[in-house]
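Undergrad: Take a look at the following structure, please.
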Amino acid sequence: MTVSEDQTRDLEADFERTVAAEGRVEPRDWMPEGYRKTLIRQIAQHAHSEIIGMQPEGNWILRAPSLRRKAILLAKVQDEAGHGLYLYSATETLGVDRAELTEKLIDSKQKYSSIFNYPTLTFADIGVIGWLVDGAAIVNQVPLCRSSYGPYARAMVRICKEESFHQRQGYELLRTLMDGTDAQRAMVQDAVDRWWWPSLMMFGPADGDSPNTQQSMAWRIKRHTNDELRQRYVDMTVPQARALGVTLPDPELRWNEERQAHDFGDIDWDEFAQVVKGAGPCNAQRLAHRRAAHENGQWVRDAASAYAAKQARRTEGAAA
Amino acid sequence: MTVSEDQTRDLEADFERTVAAEGRVEPRDWMPEGYRKTLIRQIAQHAHSEIIGMQPEGNWILRAPSLRRKAILLAKVQDEAGHGLYLYSATETLGVDRAELTEKLIDSKQKYSSIFNYPTLTFADIGVIGWLVDGAAIVNQVPLCRSSYGPYARAMVRICKEESFHQRQGYELLRTLMDGTDAQRAMVQDAVDRWWWPSLMMFGPADGDSPNTQQSMAWRIKRHTNDELRQRYVDMTVPQARALGVTLPDPELRWNEERQAHDFGDIDWDEFAQVVKGAGPCNAQRLAHRRAAHENGQWVRDAASAYAAKQARRTEGAAA
Amino acid sequence: RDDLATYCLMLADDALVASQRLAGWTTKAPELEEEVALANTALDLLGQARVLLARAGHLGAAEPFRHGPQDAEDVLAYFRDDRAFRNVTLVETDLGDFGQTIAWLLLLASWRLALMQRLTGSRDPVLAAVAGKAVKELTYHRDYAAQWVLRLGDGTELSHARMQAGLDAVWPFVEELFLAHPVEQRLVAAGVAVDPAALRADVDAVLDQVLPAARLTRPGRPAVGLVGGRGGRDGVHTEALGAVLAVMQSLARAHPEATW
Amino acid sequence: RDDLATYCLMLADDALVASQRLAGWTTKAPELEEEVALANTALDLLGQARVLLARAGHLGAAEPFRHGPQDAEDVLAYFRDDRAFRNVTLVETDLGDFGQTIAWLLLLASWRLALMQRLTGSRDPVLAAVAGKAVKELTYHRDYAAQWVLRLGDGTELSHARMQAGLDAVWPFVEELFLAHPVEQRLVAAGVAVDPAALRADVDAVLDQVLPAARLTRPGRPAVGLVGGRGGRDGVHTEALGAVLAVMQSLARAHPEATW
């Protein structure tokens, strides 16, 4: 069945009306190809980030220094696998399946958040990832709970709820360490020094260098520019850092009374570009790890398919 | 070329004369098939023991608690690989090559010393293996330096020299630990408790249950019975234990003035039989480890052969 | 009281070490659903371990190992050497590939489920309560493992071979599960503990149901021997445990005066 | 004096961590001759590490880490956390299969040989002497690795693929070998240390000779990035080092008051 140009125009007008009226687009609804592609790219990238993001935290599960922290960390990493599952399901409503996206990730054809290309060097990094990285993720993601695409918006509601739980746990770990020994306090400051700038980079390029933002905002996929979100994150984080007793590693960071916002120093966009293009500290490691897990699991997935096929034949045989 | 019955009889008489006169049988000399088979079995078993014996000690190389001990242990395990090399070379003079024997080891068709089927549970075990296990090996092996088969006797001279070096290092480690903390002293006693009885089993079954001993002694492959060697080992070790300050775990162990030797308790021959038949604490682990190393190295050995063949063709091509 | 503390350690260490091993699968599982399921199993076992370690701590088990301000559960988990761990050696074995992991989990969960089912009737109310919760969790673990044994055993030729090899590899450690330690024997007499020998029939029943359906053969390999009659319950472990604990305890021991 | 101590730590840690990694091959090598050769290489590197750690100790480097009666070399090896290790990250990487190990060894030995050759001319007589001995050892290591690169690269189709994959895997860590740390820069100016940037030509010369003969391609993969401009020489390592040290230091740290 083909659709005439007139019909397409009608559908497009419907779509635009729905989006403009803050309505939800659902899988069965018509949508422009560009909208679908943009969503797939964005949701896939988000799903990949959840999965790759398990690695830096997974690095400390076996060495977590108390059983309580081990349980919290294991549960958090498990939640991330769960987030990956919802998000890949959301892409399935757009017509691409998980296996295809996993291949694209492994072949470096799709990206994931570049923050996960930094190493976790001490256990304080676990707290700082919760506080700063999950904190930045939440600032990015809360507006996505009102995304125009229904399945994505609903997945984000659930994910944001869990992320803020993780963020509180991260902050609580840092609180405990700051109340602990000198070595523990030093560990926290060191971790903050390493993660602060990369966390600012999580909001993406400056607005002037972010060509897709306008269209995404028109489609109500995105609702704020990168720089708006980054500013909101800085303003939110500075008082938390003060409460914690750590110094954010930016000598230019200060309150601007006039703007009623914090000024902050220049991001090292060269470092950002390096990491995005694959030359960060852990890009190769993260992808190699994911690729190895995927390849080592092939025989298991093949067995499950073969078994399911046999079972289906048996059921058929029994029914006939 | 076949050999007539008369000739065989002459050769056999020559061989018997050489052996009886404490002469050396060399690879080019005629020897009875039974002698050759007995030697192959014994030397292969000894070679396998060196190789498998690397595993319990290798278990502690990465965790050795001082750099000096790490160097000593690494050098010792390397020596054992070297011993394996000489001994497999000695079997090659008897017409079987290393690859064939390795297959037999991996397929459980040839044995290795059952002592290596016990686990090394603390670093004191490294000292006790040096003292007791190498000590027992030396008692077993010194007479083999006068074995009637030349290549074996010469290999044993070199091996015995290195083994006594290892034994002294083991004893010195135990001395250091006994002069150390309470925890270190307890570690030594615990290790002695676990290794003493297995070390007595290293001399093999009691003479009444050792059917091959008589023939091996007649051929001057062996020179003392199992029980004679075991007694010599006990008599040698008791004063060393006293000097060290450890208790050997045998309430029946005492000096017998009449025999001018130590009496000692009954060995648990059931445990010995279990371990020999493959049901010791580590039999499966040791063989699985060796098998995995061998299989994982197949592609490397294949590459070396392929490269050597190419090089040979190139040299030929250049010469032609 | 000492016996009860030791018994709590035995049951706790089984769960703690098994949890640590399973947690090693994180980010390496063959599929995201397995990632979630294995982590969940590790979490359940960790939870069981924590309650039991805390109980052992209440009974004084942590004091000989205490050098700092940590909770009893952490003193027991992080400041005991492997020779003081009381777990059966099955739980400390290297899990190998996914097939071996599944074989290991089927055996472990079937056995621990049978144990916990009986322990719900313990005269010790704390143990009975722990067991009640554990039964639900372990039933899920056993069923999860059984499903995968079927899929792998009756999947492809390759998966069948690997599933059988995995079962063969863990088999030598099964016999120890049914040996009663003197501490257990005394507590069985007191109506507190479960006799491990009584669990064999339950485990066999699971295997008799699952293995033929998965076209797998019950292995004939001999059990691993004890060392002078002593095994994991006596603190005489395989060489694997030391390496597991070296990693697990490294950070806690680097900061003996810290809590987290 | 602090700079010299730090420089000794850099050169020592490179050798110590590399030795620890190589020692992991023990009982796992593809042939007995390789068993002997790899252990020997690990021993040579361990020997180099020990002399350099002792020197760093004489210069006071061990004191901040001392809690017990151990020798300086052991204080520095066992009681420093990974953030205080000064090695380049190449040495801490997982060695992978035999092909990757050989690629790693070719790069490491070629680079360290070039460094030690120049260091024989150091104004510091101890460093010059250490370097003199190391040159002989490293020449052997490099030649051993080069021989195997040829055999594997020009062996079978499978070995060629694995050798190339191994080279690709270690390649991203090569660039760091030629970065000069401020400590090195100051000591270069004083005639004590070697400028890492000057070593590139020597390493390239080895690669230009060996790789084509082994039918291997020089990888084009990007170098791993630094973290905020800092790398191994600053104590900012990969995630691999923590796990290596957790195992290496476990026993020594379990008995902080003991010597062995």
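Convention: chains lettered A, B, ... in structure tokens order; per-chain residue numbering from 1; ligands numbered from 1 as shown.
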May I ask you to extract the residues of chain C within 6 Å of chain B, using only C-alpha atoms, and to give them as a PyMOL selection string?
TA: chain C and resi 222+224-226+239
Undergrad: Can I get the selection written as a PDB file, in the first residue's frame, with N, CA and C atoms?
TA:
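Final output, out_14.pdb:
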ATOM      1  N   PRO C 222      35.716 -38.948  39.465  1.00  0.00           N
ATOM      2  CA  PRO C 222      35.840 -39.103  40.917  1.00  0.00           C
ATOM      3  C   PRO C 222      35.781 -37.751  41.634  1.00  0.00           C
ATOM      4  N   VAL C 224      36.914 -34.842  44.195  1.00  0.00           N
ATOM      5  CA  VAL C 224      38.230 -34.373  44.649  1.00  0.00           C
ATOM      6  C   VAL C 224      38.457 -34.889  46.063  1.00  0.00           C
ATOM      7  N   GLY C 225      39.689 -35.270  46.339  1.00  0.00           N
ATOM      8  CA  GLY C 225      40.020 -35.824  47.649  1.00  0.00           C
ATOM      9  C   GLY C 225      40.165 -34.737  48.682  1.00  0.00           C
ATOM     10  N   LEU C 226      40.023 -35.105  49.920  1.00  0.00           N
ATOM     11  CA  LEU C 226      40.289 -34.184  51.019  1.00  0.00           C
ATOM     12  C   LEU C 226      41.789 -34.186  51.300  1.00  0.00           C
ATOM     13  N   GLU C 239      43.235 -24.116  45.706  1.00  0.00           N
ATOM     14  CA  GLU C 239      44.096 -22.956  45.480  1.00  0.00           C
ATOM     15  C   GLU C 239      43.310 -21.751  44.952  1.00  0.00           C
TER      16      GLU C 239
END
Undergrad: Just list as number ranges by chain whatever in segment 3-243 of chain D DSSP marks as alpha helix (DSSP H).
TA: D: 3-23, 32-58, 72-78, 98-119, 125-153, 157-170, 182-189, 200-213, 239-243
Undergrad: When you look at Val188 of chain B with a cut-off of 6 Å (counting only C-alpha atoms), what residues show up, excluding the ones that are within fewer than 3 positions of it in the same chain? I need them as an mmCIF file with N, CA and C atoms, in the first residue's frame.
TA:
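Here's the written file selection.cif:
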data_model
loop_
_atom_site.group_PDB
_atom_site.id
_atom_site.type_symbol
_atom_site.label_atom_id
_atom_site.label_comp_id
_atom_site.auth_asym_id
_atom_site.auth_seq_id
_atom_site.Cartn_x
_atom_site.Cartn_y
_atom_site.Cartn_z
ATOM 1 N N ALA B 124 54.003 -20.482 53.381
ATOM 2 C CA ALA B 124 54.861 -21.441 54.081
ATOM 3 C C ALA B 124 54.936 -22.760 53.320
ATOM 4 N N ARG B 185 54.921 -18.319 62.169
ATOM 5 C CA ARG B 185 55.261 -19.611 62.772
ATOM 6 C C ARG B 185 54.096 -20.596 62.650
ATOM 7 N N ALA B 191 51.658 -25.931 57.561
ATOM 8 C CA ALA B 191 52.143 -26.496 56.291
ATOM 9 C C ALA B 191 52.820 -27.850 56.533
#
Undergrad: Ser108 of chain B: which residues within 9 Å, counting only C-alpha atoms, same-chain residues fewer than 3 positions away excluded, as JSON, numbers by chain?
TA: {"B": [103, 104, 105, 111, 278, 287]}
Undergrad: Please save all heavy atoms of the selected residues as a short mmCIF file (atom, residue, chain, number, x, y, z; two decimals), in the first residue's frame.
TA:
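Below you can see part.cif, which holds the result:
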data_model
loop_
_atom_site.label_atom_id
_atom_site.label_comp_id
_atom_site.auth_asym_id
_atom_site.auth_seq_id
_atom_site.Cartn_x
_atom_site.Cartn_y
_atom_site.Cartn_z
N GLU B 103 51.32 -35.92 25.30
CA GLU B 103 49.98 -36.45 25.04
C GLU B 103 49.61 -37.51 26.07
O GLU B 103 48.48 -37.55 26.57
CB GLU B 103 49.90 -37.08 23.63
CG GLU B 103 50.03 -36.08 22.48
CD GLU B 103 48.87 -35.10 22.37
OE1 GLU B 103 47.80 -35.37 22.95
OE2 GLU B 103 49.05 -34.03 21.74
N LYS B 104 50.57 -38.38 26.38
CA LYS B 104 50.27 -39.44 27.36
C LYS B 104 49.96 -38.86 28.74
O LYS B 104 49.09 -39.34 29.45
CB LYS B 104 51.44 -40.42 27.44
CG LYS B 104 51.46 -41.35 26.25
CD LYS B 104 52.42 -42.49 26.44
CE LYS B 104 52.25 -43.48 25.28
NZ LYS B 104 53.47 -44.29 25.08
N LEU B 105 50.70 -37.83 29.10
CA LEU B 105 50.43 -37.18 30.38
C LEU B 105 49.01 -36.61 30.40
O LEU B 105 48.22 -36.86 31.32
CB LEU B 105 51.44 -36.05 30.60
CG LEU B 105 51.14 -35.09 31.75
CD1 LEU B 105 51.18 -35.81 33.10
CD2 LEU B 105 52.11 -33.91 31.76
N LYS B 111 51.90 -41.28 34.59
CA LYS B 111 51.69 -40.62 35.87
C LYS B 111 52.76 -39.58 36.14
O LYS B 111 53.74 -39.45 35.41
CB LYS B 111 51.69 -41.66 36.99
CG LYS B 111 50.60 -42.70 36.83
CD LYS B 111 50.22 -43.32 38.15
CE LYS B 111 49.05 -44.27 37.96
NZ LYS B 111 47.83 -43.56 37.44
N GLY B 278 43.74 -40.90 40.83
CA GLY B 278 43.19 -39.70 40.20
C GLY B 278 42.23 -38.92 41.08
O GLY B 278 41.67 -37.92 40.64
N LEU B 287 45.81 -31.59 35.80
CA LEU B 287 45.77 -32.07 34.42
C LEU B 287 45.01 -31.09 33.53
O LEU B 287 45.42 -30.84 32.40
CB LEU B 287 45.14 -33.45 34.34
CG LEU B 287 46.11 -34.61 34.57
CD1 LEU B 287 45.39 -35.94 34.36
CD2 LEU B 287 47.31 -34.51 33.62
#
Undergrad: Excluding Glu57 of chain A and any residue of its chain fewer than 6 positions from it, enumerate the residues within 9 Å of it, using only C-alpha atoms, and give them as a VMD selection string.
TA: chain A and resid 73 to 74 76 to 77 120 125 to 126 129
Undergrad: Restrict the calculation to only C-alpha atoms, then for each residue of chain D with any atom at most 10 Å from an atom of chain C give the closest atom pair and their distance in Å to one decimal, rows by chain and rising residue number, as JSON lines.
TA:
{"residue": "D:Phe79", "atom": "CA", "partner": "C:Ala254", "partner_atom": "CA", "distance": 8.6}
{"residue": "D:Arg80", "atom": "CA", "partner": "C:Ala254", "partner_atom": "CA", "distance": 9.7}
{"residue": "D:Asp81", "atom": "CA", "partner": "C:Ala254", "partner_atom": "CA", "distance": 8.4}
{"residue": "D:Gly242", "atom": "CA", "partner": "C:Ser250", "partner_atom": "CA", "distance": 9.5}
{"residue": "D:Ala243", "atom": "CA", "partner": "C:Val247", "partner_atom": "CA", "distance": 7.1}
{"residue": "D:Val244", "atom": "CA", "partner": "C:Val247", "partner_atom": "CA", "distance": 9.2}
{"residue": "D:Leu245", "atom": "CA", "partner": "C:Ser250", "partner_atom": "CA", "distance": 8.9}
{"residue": "D:Ala246", "atom": "CA", "partner": "C:Ser250", "partner_atom": "CA", "distance": 5.4}
{"residue": "D:Val247", "atom": "CA", "partner": "C:Ala246", "partner_atom": "CA", "distance": 5.6}
{"residue": "D:Met248", "atom": "CA", "partner": "C:Ala246", "partner_atom": "CA", "distance": 8.7}
{"residue": "D:Gln249", "atom": "CA", "partner": "C:Ser250", "partner_atom": "CA", "distance": 8.2}
{"residue": "D:Ser250", "atom": "CA", "partner": "C:Ala246", "partner_atom": "CA", "distance": 5.4}
{"residue": "D:Leu251", "atom": "CA", "partner": "C:Ala246", "partner_atom": "CA", "distance": 7.8}
{"residue": "D:Arg253", "atom": "CA", "partner": "C:Arg253", "partner_atom": "CA", "distance": 7.4}
{"residue": "D:Ala254", "atom": "CA", "partner": "C:Arg253", "partner_atom": "CA", "distance": 7.4}
Undergrad: At a cut-off of 12 Å, using only C-alpha atoms, what residues contact Leu177 of chain D? Leave out same-chain residues fewer than 5 positions from it and give the result as a PyMOL selection string.
TA: chain D and resi 10-11+14+87-91+107-112+114-115+170-172+194-200+203+223-224+231-233
